[in-house]
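Q: Next up, protein_25.txt (compact mmCIF, C-alpha atoms).
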# COMPACT_ATOMS: atom_id res chain seq x y z
CA MET J 1 123.84 -141.00 -65.53
CA ILE J 2 121.65 -138.82 -67.78
CA SER J 3 124.68 -137.10 -69.28
CA ASN J 4 126.45 -140.43 -69.69
CA GLN J 5 123.45 -141.95 -71.46
CA ARG J 6 123.17 -138.97 -73.79
CA GLU J 7 126.87 -139.17 -74.64
CA ARG J 8 126.55 -142.90 -75.32
CA ILE J 9 123.66 -142.21 -77.69
CA LEU J 10 125.65 -139.53 -79.49
CA GLY J 11 128.54 -141.95 -79.81
CA GLY J 12 126.18 -144.58 -81.16
CA VAL J 13 124.83 -142.11 -83.71
CA MET J 14 128.30 -141.28 -84.97
CA ILE J 15 129.33 -144.92 -85.32
CA ALA J 16 126.06 -145.98 -86.95
CA VAL J 17 125.98 -143.10 -89.40
CA SER J 18 129.64 -143.50 -90.36
CA ARG J 19 129.04 -147.20 -91.06
CA ASN J 20 125.63 -147.10 -92.72
CA GLY J 21 125.17 -143.56 -93.95
CA TYR J 22 122.56 -141.19 -92.59
CA GLY J 23 119.71 -142.47 -94.76
CA ARG J 24 120.15 -146.14 -93.86
CA THR J 25 120.77 -145.63 -90.16
CA ARG J 26 117.89 -146.70 -87.91
CA VAL J 27 117.17 -145.94 -84.28
CA GLU J 28 117.67 -149.67 -83.67
CA ASP J 29 121.26 -149.36 -84.92
CA VAL J 30 121.95 -146.46 -82.60
CA ILE J 31 120.56 -148.04 -79.43
CA ALA J 32 122.41 -151.30 -80.14
CA LEU J 33 125.72 -149.48 -80.45
CA ALA J 34 125.00 -147.15 -77.52
CA GLY J 35 123.90 -149.98 -75.25
CA VAL J 36 120.75 -148.19 -74.14
CA SER J 37 117.07 -149.07 -74.31
CA ARG J 38 114.63 -147.68 -76.84
CA ARG J 39 112.87 -145.86 -74.02
CA THR J 40 116.14 -144.24 -72.95
CA PHE J 41 116.76 -143.08 -76.51
CA TYR J 42 113.33 -141.45 -76.71
CA ASP J 43 113.78 -139.89 -73.29
CA HIS J 44 116.58 -137.84 -74.88
CA PHE J 45 115.61 -137.47 -78.53
CA ALA J 46 112.37 -137.40 -80.49
CA ASN J 47 113.81 -139.24 -83.49
CA LYS J 48 116.95 -140.18 -85.40
CA HIS J 49 117.29 -136.78 -87.01
CA GLU J 50 117.23 -134.92 -83.71
CA ALA J 51 119.90 -137.25 -82.35
CA PHE J 52 122.01 -136.77 -85.47
CA MET J 53 121.82 -133.00 -85.21
CA ALA J 54 122.88 -133.18 -81.57
CA ALA J 55 125.80 -135.39 -82.56
CA TYR J 56 126.77 -132.95 -85.30
CA ASP J 57 126.66 -130.00 -82.91
CA PHE J 58 128.79 -131.97 -80.44
CA VAL J 59 131.40 -132.75 -83.10
CA VAL J 60 131.56 -129.18 -84.36
CA GLU J 61 132.01 -127.85 -80.84
CA GLN J 62 134.86 -130.29 -80.18
CA LEU J 63 136.55 -129.16 -83.39
CA ARG J 64 135.99 -125.49 -82.61
CA VAL J 65 137.50 -125.82 -79.14
CA GLY J 66 140.49 -127.75 -80.48
CA VAL J 67 141.13 -125.28 -83.29
CA ALA J 68 140.67 -122.25 -81.04
CA GLY J 69 143.09 -123.64 -78.46
CA ALA J 70 145.79 -124.32 -81.06
CA TYR J 71 145.15 -121.00 -82.80
CA ALA J 72 145.70 -119.11 -79.56
CA THR J 73 149.23 -120.51 -79.16
CA GLY J 74 150.54 -118.85 -82.32
CA GLY J 75 152.49 -115.62 -82.39
CA THR J 76 151.76 -114.00 -85.76
CA TRP J 77 148.41 -114.38 -87.43
CA ALA J 78 149.96 -116.68 -90.05
CA SER J 79 151.38 -118.98 -87.39
CA LYS J 80 148.02 -119.00 -85.63
CA VAL J 81 146.39 -120.19 -88.85
CA ARG J 82 149.06 -122.87 -89.26
CA ARG J 83 148.51 -124.19 -85.75
CA GLY J 84 144.73 -124.03 -85.98
CA LEU J 85 144.59 -125.75 -89.37
CA ALA J 86 147.02 -128.44 -88.20
CA ALA J 87 144.82 -129.10 -85.17
CA PHE J 88 141.73 -129.34 -87.38
CA LEU J 89 143.33 -131.86 -89.74
CA ASN J 90 144.80 -133.92 -86.91
CA LEU J 91 141.50 -134.06 -85.03
CA LEU J 92 139.66 -135.30 -88.10
CA ALA J 93 142.37 -137.83 -88.94
CA GLY J 94 142.34 -139.17 -85.39
CA GLU J 95 138.56 -139.63 -85.34
CA PRO J 96 137.40 -140.98 -88.73
CA GLU J 97 133.83 -141.55 -87.54
CA LEU J 98 133.63 -138.00 -86.23
CA ALA J 99 135.03 -136.75 -89.54
CA HIS J 100 132.48 -138.72 -91.54
CA VAL J 101 129.57 -137.29 -89.56
CA CYS J 102 130.86 -133.73 -89.67
CA ILE J 103 132.11 -133.57 -93.25
CA VAL J 104 130.12 -136.11 -95.29
CA GLU J 105 126.85 -137.23 -93.74
CA VAL J 106 125.65 -133.79 -92.73
CA VAL J 107 125.12 -133.14 -96.44
CA ALA J 108 122.57 -135.97 -96.57
CA ALA J 109 120.63 -135.00 -93.45
CA GLY J 110 118.26 -132.42 -94.89
CA PRO J 111 117.89 -128.64 -95.22
CA ASP J 112 118.27 -127.83 -91.53
CA ALA J 113 121.50 -129.84 -91.40
CA LEU J 114 122.83 -127.89 -94.38
CA GLU J 115 121.94 -124.65 -92.60
CA ARG J 116 123.80 -125.87 -89.51
CA ARG J 117 126.81 -126.74 -91.68
CA MET J 118 126.78 -123.26 -93.24
CA ALA J 119 126.68 -121.73 -89.75
CA ALA J 120 129.63 -123.88 -88.67
CA MET J 121 131.65 -122.88 -91.72
CA ALA J 122 130.88 -119.23 -91.02
CA ASP J 123 132.06 -119.71 -87.45
CA PHE J 124 135.37 -121.16 -88.62
CA ARG J 125 135.90 -118.22 -90.97
CA GLN J 126 136.70 -116.10 -87.95
CA PHE J 127 140.06 -117.87 -87.78
CA LEU J 128 140.84 -116.71 -91.31
CA THR J 129 140.26 -113.02 -90.73
CA PRO J 130 143.68 -111.36 -90.40
CA PRO J 131 144.17 -108.32 -88.23
CA THR J 132 144.20 -105.38 -90.65
CA PRO J 133 147.43 -103.74 -89.43
CA GLU J 134 149.46 -106.93 -89.91
CA HIS J 135 149.10 -107.19 -93.69
CA PRO J 136 147.90 -103.75 -94.89
CA PRO J 137 149.02 -104.08 -98.57
CA VAL J 138 146.72 -107.05 -99.24
CA ILE J 139 143.21 -106.20 -100.39
CA VAL J 140 140.64 -108.97 -100.56
CA SER J 141 136.92 -109.08 -101.25
CA ALA J 142 134.28 -109.85 -98.65
CA VAL J 143 133.81 -113.37 -100.02
CA THR J 144 137.48 -114.38 -99.95
CA ALA J 145 137.31 -116.12 -96.58
CA GLU J 146 134.11 -117.88 -97.65
CA THR J 147 135.84 -119.10 -100.81
CA VAL J 148 138.91 -120.29 -98.90
CA VAL J 149 136.90 -122.17 -96.27
CA GLY J 150 134.74 -123.75 -98.97
CA GLY J 151 137.81 -124.89 -100.89
CA VAL J 152 139.43 -126.41 -97.81
CA TYR J 153 136.16 -128.17 -97.02
CA GLU J 154 135.98 -129.73 -100.49
CA VAL J 155 139.55 -131.00 -100.32
CA ILE J 156 138.88 -132.57 -96.93
CA TYR J 157 135.54 -133.96 -98.12
CA SER J 158 137.22 -135.78 -101.01
CA ARG J 159 139.51 -137.63 -98.58
CA VAL J 160 136.91 -138.41 -95.94
CA VAL J 161 134.26 -139.69 -98.37
CA THR J 162 136.81 -142.08 -99.91
CA HIS J 163 137.99 -143.30 -96.48
CA ARG J 164 141.40 -141.65 -96.72
CA THR J 165 141.05 -139.57 -93.57
CA GLU J 166 144.56 -140.56 -92.46
CA GLU J 167 145.95 -138.47 -95.33
CA LEU J 168 144.62 -135.20 -93.93
CA PRO J 169 147.62 -134.13 -91.78
CA GLY J 170 149.89 -134.50 -94.81
CA LEU J 171 147.83 -131.87 -96.65
CA LEU J 172 148.78 -129.15 -94.17
CA PRO J 173 151.57 -127.43 -96.15
CA ALA J 174 149.58 -127.16 -99.39
CA LEU J 175 146.31 -126.17 -97.69
CA LEU J 176 148.10 -123.65 -95.50
CA TYR J 177 149.66 -121.98 -98.54
CA SER J 178 146.26 -121.78 -100.26
CA VAL J 179 144.64 -120.33 -97.15
CA LEU J 180 147.29 -117.68 -96.49
CA LEU J 181 148.05 -116.58 -100.05
CA PRO J 182 145.06 -114.26 -100.65
CA PHE J 183 145.41 -112.64 -97.22
CA ALA J 184 149.14 -112.47 -96.56
CA GLY J 185 150.74 -112.69 -99.99
CA PRO J 186 153.24 -115.18 -101.46
CA GLU J 187 156.19 -114.36 -99.19
CA ILE J 188 154.45 -115.11 -95.90
CA ALA J 189 152.42 -117.98 -97.39
CA GLY J 190 155.62 -119.50 -98.80
CA ALA J 191 157.45 -119.17 -95.49
CA GLU J 192 154.64 -120.92 -93.63
CA TYR J 193 154.50 -123.62 -96.31
CA ARG J 194 158.20 -124.31 -95.84
CA HIS J 195 157.83 -124.34 -92.06
CA ALA J 196 154.98 -126.86 -92.18
CA ALA J 197 156.73 -129.01 -94.80
CA ALA J 198 159.98 -129.08 -92.82
CA ALA J 199 158.13 -130.05 -89.63
CA ALA J 200 156.36 -132.86 -91.49
CA ALA J 201 159.64 -134.10 -92.95
CA ALA J 202 161.28 -134.05 -89.52
CA ARG J 203 158.48 -136.15 -88.05
CA THR J 204 158.76 -138.65 -90.88
CA ALA J 205 162.51 -138.90 -90.44
CA GLN J 206 162.33 -139.66 -86.72
CA PRO J 207 163.61 -143.21 -86.03
CA ALA J 208 161.16 -145.70 -84.63
CA PRO J 209 161.53 -146.28 -80.88
CA THR J 210 163.68 -149.23 -79.89
CA PRO J 211 161.53 -151.98 -78.37
CA PHE J 212 162.48 -153.26 -74.95
Could you render the structure from this file as structure tokens?
A:
Amino acid sequence: MISNQRERILGGVMIAVSRNGYGRTRVEDVIALAGVSRRTFYDHFANKHEAFMAAYDFVVEQLRVGVAGAYATGGTWASKVRRGLAAFLNLLAGEPELAHVCIVEVVAAGPDALERRMAAMADFRQFLTPPTPEHPPVIVSAVTAETVVGGVYEVIYSRVVTHRTEELPGLLPALLYSVLLPFAGPEIAGAEYRHAAAAAAARTAQPAPTPF
């Protein structure tokens, strides 16, 4: 029951914040959406901010697990990045409220939230660190992965903040090319771009199922 109540509160936080914005969200909004009492809320969290940070951590962990699982199924490092990035975009597109909390509203939640966001971005950079023997001719600076992750974040932010989260999966080929280019070079980045674009075109071309 305790776990269930906590999860309901976290769900209420995500819905309330995605609808109202962090600043305008009240504890009353959260408990109404979560279907719990005020006392139950305060049994779990000291205030709105603490609940928001818990919701943010929950979202980031779900994304990390999803990306790591997809990443692990790839063969080459480039294909791992393709699969992990595709999973990230699909997860965000499938959960617009989650995306809004994780990508947009965390910016408005204060200095500690920004620190948590920086830590999350640093954690995701591990997926963009190629094994040295695989692409030895490519030399990159220590801040390349930070730049790449920051650029991807800004592109995603622009869609989420304007309520175009459903467009995210379609960005995979272009984002993938941008991510791979500084690490793997144009040949490998181009090959992965074509692979992702062809897969997207094949999905679009699939006929709709015949209704019974």
Q: Go through J:Glu166, J:Val59, J:Ala99, J:Ala109 and flag the residue nearest J:Arg24, using all atoms listed in the file for the distances.
A: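 Distance minimum relative to J:Arg24 lands on J:Ala109.
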Q: Can you tell me which residues surround J:Val67 at a distance of at most 10 Å, considering all atoms listed in the file, apart from same-chain residues fewer than 2 positions away, and format the answer as a list in words?
A: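 In the requested format, the answer is Glu61, Gln62, Leu63, Arg64, Val65, Gly69, Ala70, Tyr71, Ala72, Lys80, Val81, Arg83, Gly84, Leu85, Ala86, Ala87, Phe88, Leu89, Leu91, Phe124 and Phe127 of chain J.
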Q: Report, in Å with one decimal, the straight-line distance from atom CA of J:Ser158 to atom CA of J:Val30.
A: 26.2 Å
Q: Show me, as number ranges by chain, the residues that have an atom within 12 Å of J:Val148 when counting only C-alpha atoms, minus same-chain residues fewer than 5 positions from it.
A: J: 121-122, 124-129, 140-143, 153-155, 175-183
Q: For J:Arg8, which residue among J:Trp77, J:Tyr56, J:Tyr193, J:Phe41 is the nearest when counting all atoms listed in the file?
A: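 Of J:Trp77, J:Tyr56, J:Tyr193, J:Phe41, the one nearest J:Arg8 is J:Phe41, counting all atoms listed in the file.
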